[in-house]
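Only one structure is covered here, and it is reproduced in the block below.
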Amino acid sequence: MRRVTFSRNFTLSLSRTCRCYCKYCSFATHAAHLYPPHEVEAMLDEAVRRNAKELLVLTGERPEVNVEVAGRLAGYGHPDFTSYVAWTCQRALDRGLLPHTNLGVLDRPDLGRLREVTASQGLMLESISDRLMETVHAGSPTKHPRRRLETIRLAGELRIPFTSGILVGIGETPDDRIASLEALAAVHAEYGHLQEVILQNYVPHPRYYGREPAQIADAAQRAPDAGRPVEPELPGWATPISLDDMRELIRASRRLMPDVGIQVPPNLSDWWLPLVEEGATDLGGLSANGDHISPEHPFPSPHRMRKDLAPRGYALTERLCVYPQYMTGEWLDQSVLDVVKGRFWSFIPRRGSGRREERTIRRDLVPAAIARARDGSWLTDEELTALFAETRPEAIEDIRQAADELRAELAGDEVTFVVNRNINVSNICVVGCAFCGFGQGRRSPDSYEHGRDEFVRRVEEAAEAGATEICMQSGIHPDWTLESYVDWLLLAKETEPDIHLHAYSPMEVDRMCEVSGLPPARVFERLLEAGLGSTPGTAAEVLHDGVRERISPNKLPVARWIEIVEAAHGAGIRSSATVMFGHVEESWELAEHMRVIRALQERTGGFTEFVPLSFIPFHTLLGRTHGIEEISREENLKHTAVFRLALGRSIPNVQASWVKMGLDAATESLRWGVNDLGGTLMEESISRMAGSYHGTMLTPEQLIGAAHAAGRPAAQRDTLYRVLETF
């Protein structure tokens, strides 16, 4: 799915007093308007209460030209308006809000002062046409395109992440619009500082005559279903704008500035969705208190837009006001970067993750790739990327059939399962993964740690229920030593000597190495002596360092994961292999993950099974900050089939996680390349605490019923896929 972004912001119209007389503007006033400090503080607190991340500071141009405004500023202790804006931004940063300012034309010193306290700034070019200075911009000296381009250029020299754009329909010609985009592209080519370009269509507004647009906007946003207001007739100087006009501008923007985001306002027309399909990448700041420029036009809710976008293959995700590629000390003042790191670290890209990189999807490669994958051949990165990104129903059906045929060849028709119990000994964890709802700090009311008696009771219950396997994984506990991990194995074996212990993820083994000073091979020797039978290949997530460091910056890198799993296989310990998908990863990053897994398997032969794990977003930081919804059943099944094809003949067993996808979808996945339904589990804390609603235990009878519902025989197996009983 292609991601479409938005920012969760709160608008502060600090002063509407303006020196300009633009004919299309209902925001500006020529009376004195300036919020006093105590009201500013109250609005910042309100922004925090409304869960905004961005503070959008809107103002008129040079409000201090008004004598009364200048007097108020002096009374507040500020020599000029920029000083007051900087004070406001600092108060926002103190509350964890990231300021984005749009103050109009500024000189270098003012831009520099604001750079110290803002995450980004903006100024609409509006139009390159000088002719408009005689019509809609008459009496507005700072609307001259030369002056506005100079401010945009100065922002580039100062390395300020910047937003600009054009206002369409104010009397300009189609050629003027393209020329305006060309002017922005030329400045961006010089400095690389334009993070997005706004293509904003003009809508006529009524005059508000003393009414406060901020209050109108907030009221409209709180009652968004009141219907679109009746707009005044289009003024004589305005130009009617069509959907085709906007589509042409998106095509031009993509051609002229392929690395710059393209924003379209979703509240000013009904055509935002076709424009996304044309190539728009962003829906702007969906302000919690409405649109102060067009106050009677409320923003649609992210939930509504997400529902409209998802069936068309787009994922609506949240961004900050500063785009990922600018989140460095080169572009941000350290005080601003500290807020990003402290409050919004999961947005920070590392080694490529999160950058605006749209690779070409070679759909023409799909038919041949399916045929070669069915024969077990290695696929190229381009071919795998195309398969993961495929949306055409007929091609997806071909993928399904090929995966099902490959499954039948390698694993037969038998559907296997294991009777096991999960024991998550403790969820106390020091890692802090953004995708995890399981790990808790020691003082969290949701944290726990089993004692020895409780652990023994759970092992005994598992044996009484006929379990052949105990699966043990926990958080990375700050107090546990290598001996702690060894002791849990010894206690389990002392309680039930014959039970198979499938225990300890590569992350846990890495921790054992860290606290003991031993290499992985020596650690595995100790674990084998204590009774370890096999190890889960979890902590894999997506084996691409950019993705891993974005969703879990404190977790082990890809090379270390490979080193630990390879050491396990070298010690004769079999393991599973996993992937966690359906979050911030791209199709080409999943292709890289599968290349790593298959190459490792062809070196060692140590993987018993491959387990796709779809991301559960509901109770996780990543789900909240990025607006990620649970992957659809259809996408889940398609990905499952592609995982089977990507493995070729290297790993015969592909398992469906009924905890993640539900038993109905897991049953359907038996037609999509799956031959194993996993375990009965008896308990499962990791997915449950992330918000999974599919339960934590199934009986053997339910798993047998699922296999039979798919028209397939069932078999109980052990951990190493030896069949124990057939049904």
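Labels for the structure tokens follow display order: chains A, B, ..., residues from 1 in each chain, ligands from 1.
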Which residues are near range 155-158 of chain A? Cut-off 12 Å, only C-alpha atoms, ignore same chain within fewer than 5 positions. Put them as a ChimeraX atom specification.
/A:105-116,120-123,148-150,163-164,184,186-195,330-333
Residue contacts of Ala47 in chain A (9 Å, only C-alpha atoms) excluding same-chain residues fewer than 3 positions away, as an MDAnalysis selection string:
chainID A and resid 9:11 42:44 50:55 97 288:289
Write the residues you've just listed into a file as a PDB file, in the first residue's frame, and include C-alpha atoms for each of them.
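Result file again.pdb:
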ATOM      1  CA  ASN A   9      -1.986  19.862  14.628  1.00  0.00           C
ATOM      2  CA  PHE A  10      -3.594  22.724  16.510  1.00  0.00           C
ATOM      3  CA  THR A  11      -3.886  26.167  14.919  1.00  0.00           C
ATOM      4  CA  ALA A  42      -4.209  28.494  27.690  1.00  0.00           C
ATOM      5  CA  MET A  43      -4.443  27.613  23.984  1.00  0.00           C
ATOM      6  CA  LEU A  44      -1.161  25.710  24.142  1.00  0.00           C
ATOM      7  CA  ARG A  50      -6.374  17.580  22.118  1.00  0.00           C
ATOM      8  CA  ASN A  51      -3.330  15.370  21.461  1.00  0.00           C
ATOM      9  CA  ALA A  52      -1.791  17.647  18.841  1.00  0.00           C
ATOM     10  CA  LYS A  53       1.848  17.177  17.889  1.00  0.00           C
ATOM     11  CA  GLU A  54       2.213  20.294  15.739  1.00  0.00           C
ATOM     12  CA  LEU A  55       1.435  23.887  16.665  1.00  0.00           C
ATOM     13  CA  LEU A  97       4.583  20.562  20.699  1.00  0.00           C
ATOM     14  CA  ALA A 288      -8.023  19.823  15.935  1.00  0.00           C
ATOM     15  CA  ASN A 289      -9.611  23.283  16.043  1.00  0.00           C
TER      16      ASN A 289
END
Per residue of range 485-598 of chain A within 9 Å of range 375-380 of chain A, which atom pair is closest and at what distance in Å (one decimal), using only C-alpha atoms, listed by chain and increasing number, as a Markdown table?
| residue | atom | partner | partner_atom | distance |
| --- | --- | --- | --- | --- |
| A:Ala591 | CA | A:Thr380 | CA | 8.5 |
| A:Arg595 | CA | A:Trp378 | CA | 8.7 |
| A:Arg598 | CA | A:Trp378 | CA | 8.9 |
Residue subset to file, keeping C-alpha atoms, as a short mmCIF file (atom, residue, chain, number, x, y, z; two decimals), in the first residue's frame:
data_model
loop_
_atom_site.label_atom_id
_atom_site.label_comp_id
_atom_site.auth_asym_id
_atom_site.auth_seq_id
_atom_site.Cartn_x
_atom_site.Cartn_y
_atom_site.Cartn_z
CA ALA A 591 11.78 -8.49 -0.24
CA ARG A 595 16.36 -12.69 0.85
CA ARG A 598 16.31 -17.81 2.45
#
Residues within 8 Å of Gly104 in chain A, only C-alpha atoms, excluding chain neighbours under 4 positions, as a PyMOL selection string
chain A and resi 59-62+123+142
Apply DSSP to the structure's backbone, then extract all residues of range 65-290 of chain A labelled alpha helix (DSSP H) and return them as number ranges by chain.
A: 67-75, 81-94, 108-115, 145-157, 174-191, 213-222, 243-256, 272-278
So the first atom is CA of Glu390 in chain A and the second is CA of His639 in chain A; what is the distance between them in Å, to one decimal place?
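CA of Glu390 in chain A sits 9.6 Å away from CA of His639 in chain A.
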